[in-house]
$ cat protein_0.txt   # compact mmCIF, C-alpha atoms and all ligand atoms
# COMPACT_ATOMS: atom_id res chain seq x y z
CA MET A 825 -17.03 22.30 10.68
CA GLU A 826 -20.66 23.02 11.56
CA ASP A 827 -20.56 26.80 11.57
CA CYS A 828 -18.22 27.33 8.64
CA ILE A 829 -19.85 28.93 5.58
CA PHE A 830 -17.22 27.51 3.23
CA CYS A 831 -17.64 23.99 4.65
CA LYS A 832 -21.35 24.39 3.88
CA ILE A 833 -20.47 25.44 0.33
CA LEU A 834 -18.28 22.32 0.10
CA ASP A 835 -21.10 20.03 1.25
CA GLY A 836 -23.61 21.74 -1.06
CA SER A 837 -25.90 23.07 1.68
CA ILE A 838 -25.08 26.65 0.56
CA PRO A 839 -25.18 27.11 -3.24
CA SER A 840 -22.19 28.54 -5.09
CA ASP A 841 -21.08 29.39 -8.61
CA LYS A 842 -18.42 26.72 -9.13
CA VAL A 843 -15.54 27.29 -11.52
CA TYR A 844 -13.42 24.22 -10.66
CA GLU A 845 -13.24 21.29 -8.24
CA ASP A 846 -11.15 18.22 -7.58
CA ASP A 847 -10.42 15.93 -4.65
CA GLU A 848 -8.44 18.59 -2.78
CA VAL A 849 -9.84 22.03 -3.66
CA TYR A 850 -13.04 23.82 -4.67
CA ALA A 851 -13.14 27.16 -6.52
CA PHE A 852 -16.18 29.43 -6.83
CA ARG A 853 -17.08 33.04 -7.60
CA ASP A 854 -17.01 35.52 -4.72
CA ILE A 855 -20.47 36.79 -3.78
CA HIS A 856 -19.13 40.38 -3.53
CA PRO A 857 -16.70 40.63 -6.46
CA LYS A 858 -13.96 43.26 -6.22
CA ALA A 859 -12.88 42.79 -9.86
CA PRO A 860 -14.51 41.52 -13.08
CA THR A 861 -13.15 38.08 -12.18
CA HIS A 862 -13.05 37.30 -8.45
CA VAL A 863 -12.75 33.64 -7.52
CA LEU A 864 -12.09 31.98 -4.16
CA VAL A 865 -10.04 28.79 -3.98
CA ILE A 866 -10.48 26.71 -0.81
CA PRO A 867 -8.97 23.44 0.36
CA ARG A 868 -11.53 20.75 1.22
CA GLN A 869 -9.66 20.35 4.50
CA HIS A 870 -10.88 22.87 7.09
CA VAL A 871 -7.95 25.07 8.14
CA PRO A 872 -9.10 28.36 9.74
CA THR A 873 -6.34 30.75 8.63
CA LEU A 874 -2.99 30.83 6.85
CA SER A 875 -1.40 31.14 10.31
CA ASP A 876 -2.77 27.67 11.11
CA ALA A 877 -1.51 26.11 7.88
CA ARG A 878 1.78 24.36 8.70
CA ASP A 879 1.54 21.59 6.13
CA GLU A 880 3.87 22.37 3.21
CA LYS A 881 2.15 19.77 1.06
CA LEU A 882 -1.21 21.48 1.59
CA LEU A 883 0.20 24.96 0.92
CA GLY A 884 2.14 23.82 -2.15
CA MET A 885 -0.88 21.99 -3.51
CA LEU A 886 -3.11 25.03 -2.91
CA MET A 887 -0.82 27.48 -4.70
CA ASN A 888 -0.32 25.09 -7.59
CA ARG A 889 -4.10 24.80 -7.98
CA VAL A 890 -4.44 28.61 -7.80
CA ARG A 891 -1.93 28.99 -10.63
CA MET A 892 -3.69 26.36 -12.71
CA ILE A 893 -7.18 27.80 -12.10
CA ALA A 894 -6.09 31.39 -12.91
CA ASP A 895 -4.14 30.47 -16.05
CA ASP A 896 -5.90 27.40 -17.44
CA VAL A 897 -9.50 27.58 -16.17
CA LEU A 898 -10.14 31.34 -15.93
CA LYS A 899 -7.58 32.14 -18.67
CA LEU A 900 -6.61 35.49 -17.15
CA GLU A 901 -4.02 36.08 -19.86
CA ALA A 902 -3.34 39.74 -18.97
CA GLY A 903 -2.41 38.74 -15.42
CA TRP A 904 -4.01 38.33 -12.04
CA ARG A 905 -3.57 38.93 -8.34
CA VAL A 906 -3.67 36.60 -5.35
CA VAL A 907 -4.81 37.80 -1.92
CA ILE A 908 -4.93 35.89 1.35
CA ASN A 909 -6.42 37.83 4.27
CA VAL A 910 -5.25 36.65 7.68
CA ARG A 911 -7.37 37.18 10.80
CA ALA A 912 -9.32 40.34 11.67
CA GLY A 913 -6.43 42.76 11.17
CA GLY A 914 -5.87 41.37 7.69
CA GLY A 915 -9.53 41.66 6.76
CA GLN A 916 -10.42 37.97 7.05
CA GLU A 917 -14.17 37.44 7.42
CA VAL A 918 -14.51 33.71 6.77
CA TYR A 919 -12.33 31.41 8.90
CA HIS A 920 -11.68 28.70 6.32
CA LEU A 921 -8.39 29.24 4.49
CA HIS A 922 -9.06 30.73 1.06
CA VAL A 923 -7.14 32.37 -1.74
CA HIS A 924 -8.72 35.23 -3.68
CA ILE A 925 -7.92 35.33 -7.41
CA LEU A 926 -8.62 38.77 -8.88
CA GLY A 927 -8.37 39.71 -12.53
CA GLY A 928 -10.06 41.04 -15.61
CA LYS A 929 -8.92 44.63 -15.18
CA LYS A 930 -5.75 46.53 -14.38
CA LEU A 931 -5.56 46.38 -10.61
CA PRO A 932 -4.22 49.35 -8.61
CA PHE A 933 -1.74 48.40 -5.91
P1 LIG B 1 -12.17 37.28 3.46
O1 LIG B 1 -12.47 38.71 3.80
O2 LIG B 1 -10.74 37.10 2.93
O3 LIG B 1 -12.49 36.33 4.58
O4 LIG B 1 -13.10 36.93 2.23
C1 LIG B 1 -14.29 36.26 2.34
C2 LIG B 1 -15.00 36.40 1.03
O5 LIG B 1 -16.01 35.43 0.99
C3 LIG B 1 -15.68 37.76 0.82
O6 LIG B 1 -15.07 38.42 -0.31
C4 LIG B 1 -17.12 37.43 0.51
C5 LIG B 1 -17.10 35.96 0.27
N1 LIG B 1 -18.27 35.26 0.74
C6 LIG B 1 -18.77 35.26 2.00
N2 LIG B 1 -19.86 34.48 2.08
C7 LIG B 1 -20.02 33.95 0.84
C8 LIG B 1 -20.98 33.04 0.29
O7 LIG B 1 -21.90 32.54 0.95
N3 LIG B 1 -20.83 32.74 -1.03
C9 LIG B 1 -19.83 33.25 -1.80
N4 LIG B 1 -19.79 32.89 -3.08
N5 LIG B 1 -18.91 34.09 -1.30
C10 LIG B 1 -19.01 34.43 0.00

$ encode --input "protein_0.txt" --output "structure tokens"
Amino acid sequence: MEDCIFCKILDGSIPSDKVYEDDEVYAFRDIHPKAPTHVLVIPRQHVPTLSDARDEKLLGMLMNRVRMIADDVLKLEAGWRVVINVRAGGGQEVYHLHVHILGGKKLPF
């Protein structure tokens, strides 16, 4: 998608601080971290929001990668939080499905 910031991160035209990648997902550090560790996990496939994601294989794959990245790559042994913002009312700013992984401190609810 031409105007999608995260598609530009995927194609390398916008630089990012990569923590993990494979054929299906890319994970990188959030530019405005809300916790000591704040990583975004995105599918390579452009899906604008979670509301548009009807493919159970895609959603299952994405959550399995999130678990693996948080536990095995980032090694957030004390625990971590996952956030998915959906559309404007949910605080979504970038319309390419992404999962926030937050950790590294005790998070208030
Ligand atoms: P959301 O509000 O759920 O759409 O979160 C979008 C996040 O993306 C926000 O925390 C800031 C981050 N972000 C936006 N632009 C960039 C960028 O160019 N690089 C990186 N690393 N993060 C970005």

$ residues_near_ligand --input "protein_0.txt" --ligand "ligand LIG 1 (chain B)" --cutoff "12 Å" --atoms "all atoms listed in the file" --output "ChimeraX atom specification"
/A:828-834,836-843,850-859,862-866,872-874,906-926

$ atom_distance --input "protein_0.txt" --atom1 "CA of Gly884 in chain A" --atom2 "CA of Pro867 in chain A"
11.4 Å

$ atom_distance --input "protein_0.txt" --atom1 "CA of Glu901 in chain A" --atom2 "CA of Asp847 in chain A"
26.0 Å

$ closest_residue --input "protein_0.txt" --among "A:Pro860, A:Asn888, A:Lys881, A:Ser875" --to "Gly927 in chain A" --atoms "all atoms listed in the file"
A:Pro860

$ closest_residue --input "protein_0.txt" --among "A:Asp876, A:Thr861, A:Glu848, A:Met885" --to "Arg905 in chain A" --atoms "only C-alpha atoms"
A:Thr861

$ atom_distance --input "protein_0.txt" --atom1 "CA of Arg868 in chain A" --atom2 "CA of Glu880 in chain A"
15.6 Å

$ closest_residue --input "protein_0.txt" --among "A:Gly928, A:Met887, A:Asp879, A:Asp835" --to "Lys899 in chain A" --atoms "only C-alpha atoms"
A:Gly928

$ closest_residue --input "protein_0.txt" --among "A:Phe933, A:Gln869, A:Tyr844, A:Ala877" --to "Val890 in chain A" --atoms "all atoms listed in the file"
A:Tyr844

$ build_atoms --input "protein_0.txt" --residues "range 838-849 of chain A" --atoms "all heavy atoms" --output "short mmCIF file (atom, residue, chain, number, x, y, z; two decimals), in the coordinates of the input"
data_model
loop_
_atom_site.label_atom_id
_atom_site.label_comp_id
_atom_site.auth_asym_id
_atom_site.auth_seq_id
_atom_site.Cartn_x
_atom_site.Cartn_y
_atom_site.Cartn_z
N ILE A 838 -24.98 25.26 1.04
CA ILE A 838 -25.08 26.65 0.56
C ILE A 838 -24.67 26.62 -0.92
O ILE A 838 -23.61 26.09 -1.25
CB ILE A 838 -24.15 27.60 1.35
CG1 ILE A 838 -24.65 27.74 2.79
CG2 ILE A 838 -24.08 28.96 0.68
CD1 ILE A 838 -23.79 28.62 3.67
N PRO A 839 -25.51 27.16 -1.81
CA PRO A 839 -25.18 27.11 -3.24
C PRO A 839 -24.01 28.03 -3.58
O PRO A 839 -23.75 29.02 -2.88
CB PRO A 839 -26.47 27.59 -3.93
CG PRO A 839 -27.27 28.28 -2.90
CD PRO A 839 -26.82 27.78 -1.55
N SER A 840 -23.30 27.71 -4.65
CA SER A 840 -22.19 28.54 -5.09
C SER A 840 -22.02 28.40 -6.59
O SER A 840 -22.51 27.44 -7.19
CB SER A 840 -20.90 28.13 -4.38
OG SER A 840 -20.57 26.79 -4.71
N ASP A 841 -21.33 29.38 -7.16
CA ASP A 841 -21.08 29.39 -8.61
C ASP A 841 -19.69 28.77 -8.84
O ASP A 841 -18.68 29.46 -8.84
CB ASP A 841 -21.16 30.85 -9.10
CG ASP A 841 -21.07 30.97 -10.60
OD1 ASP A 841 -20.91 29.93 -11.28
OD2 ASP A 841 -21.14 32.11 -11.10
N LYS A 842 -19.68 27.47 -9.03
CA LYS A 842 -18.42 26.72 -9.13
C LYS A 842 -17.67 27.03 -10.42
O LYS A 842 -18.27 27.12 -11.47
CB LYS A 842 -18.74 25.22 -9.08
CG LYS A 842 -17.52 24.32 -9.22
CD LYS A 842 -17.90 22.86 -9.16
CE LYS A 842 -18.39 22.34 -10.50
NZ LYS A 842 -18.61 20.90 -10.49
N VAL A 843 -16.35 27.18 -10.30
CA VAL A 843 -15.54 27.29 -11.52
C VAL A 843 -14.61 26.08 -11.68
O VAL A 843 -14.17 25.79 -12.79
CB VAL A 843 -14.74 28.60 -11.59
CG1 VAL A 843 -15.65 29.81 -11.54
CG2 VAL A 843 -13.70 28.70 -10.51
N TYR A 844 -14.33 25.37 -10.58
CA TYR A 844 -13.42 24.22 -10.66
C TYR A 844 -13.55 23.42 -9.36
O TYR A 844 -13.76 23.99 -8.29
CB TYR A 844 -11.97 24.69 -10.80
CG TYR A 844 -10.97 23.55 -10.78
CD1 TYR A 844 -10.70 22.81 -11.92
CD2 TYR A 844 -10.34 23.18 -9.58
CE1 TYR A 844 -9.83 21.73 -11.88
CE2 TYR A 844 -9.46 22.10 -9.55
CZ TYR A 844 -9.22 21.39 -10.70
OH TYR A 844 -8.36 20.32 -10.67
N GLU A 845 -13.39 22.10 -9.46
CA GLU A 845 -13.24 21.29 -8.24
C GLU A 845 -12.45 20.03 -8.54
O GLU A 845 -12.43 19.54 -9.67
CB GLU A 845 -14.60 20.92 -7.63
CG GLU A 845 -15.40 19.91 -8.39
CD GLU A 845 -16.67 19.52 -7.63
OE1 GLU A 845 -16.64 19.39 -6.39
OE2 GLU A 845 -17.69 19.34 -8.31
N ASP A 846 -11.78 19.54 -7.52
CA ASP A 846 -11.15 18.22 -7.58
C ASP A 846 -11.17 17.64 -6.17
O ASP A 846 -11.89 18.15 -5.30
CB ASP A 846 -9.74 18.28 -8.22
CG ASP A 846 -8.75 19.13 -7.44
OD1 ASP A 846 -8.89 19.25 -6.19
OD2 ASP A 846 -7.82 19.68 -8.05
N ASP A 847 -10.38 16.60 -5.95
CA ASP A 847 -10.42 15.93 -4.65
C ASP A 847 -9.90 16.80 -3.50
O ASP A 847 -10.17 16.53 -2.33
CB ASP A 847 -9.57 14.65 -4.67
CG ASP A 847 -10.23 13.56 -5.50
OD1 ASP A 847 -11.43 13.72 -5.83
OD2 ASP A 847 -9.56 12.56 -5.80
N GLU A 848 -9.12 17.83 -3.84
CA GLU A 848 -8.44 18.59 -2.78
C GLU A 848 -8.91 20.03 -2.64
O GLU A 848 -8.78 20.62 -1.56
CB GLU A 848 -6.93 18.56 -3.03
CG GLU A 848 -6.36 17.16 -2.88
CD GLU A 848 -4.88 17.09 -3.17
OE1 GLU A 848 -4.49 17.46 -4.29
OE2 GLU A 848 -4.15 16.67 -2.28
N VAL A 849 -9.42 20.63 -3.73
CA VAL A 849 -9.84 22.03 -3.66
C VAL A 849 -11.19 22.23 -4.34
O VAL A 849 -11.64 21.40 -5.15
CB VAL A 849 -8.81 22.99 -4.33
CG1 VAL A 849 -7.43 22.84 -3.72
CG2 VAL A 849 -8.78 22.82 -5.84
#
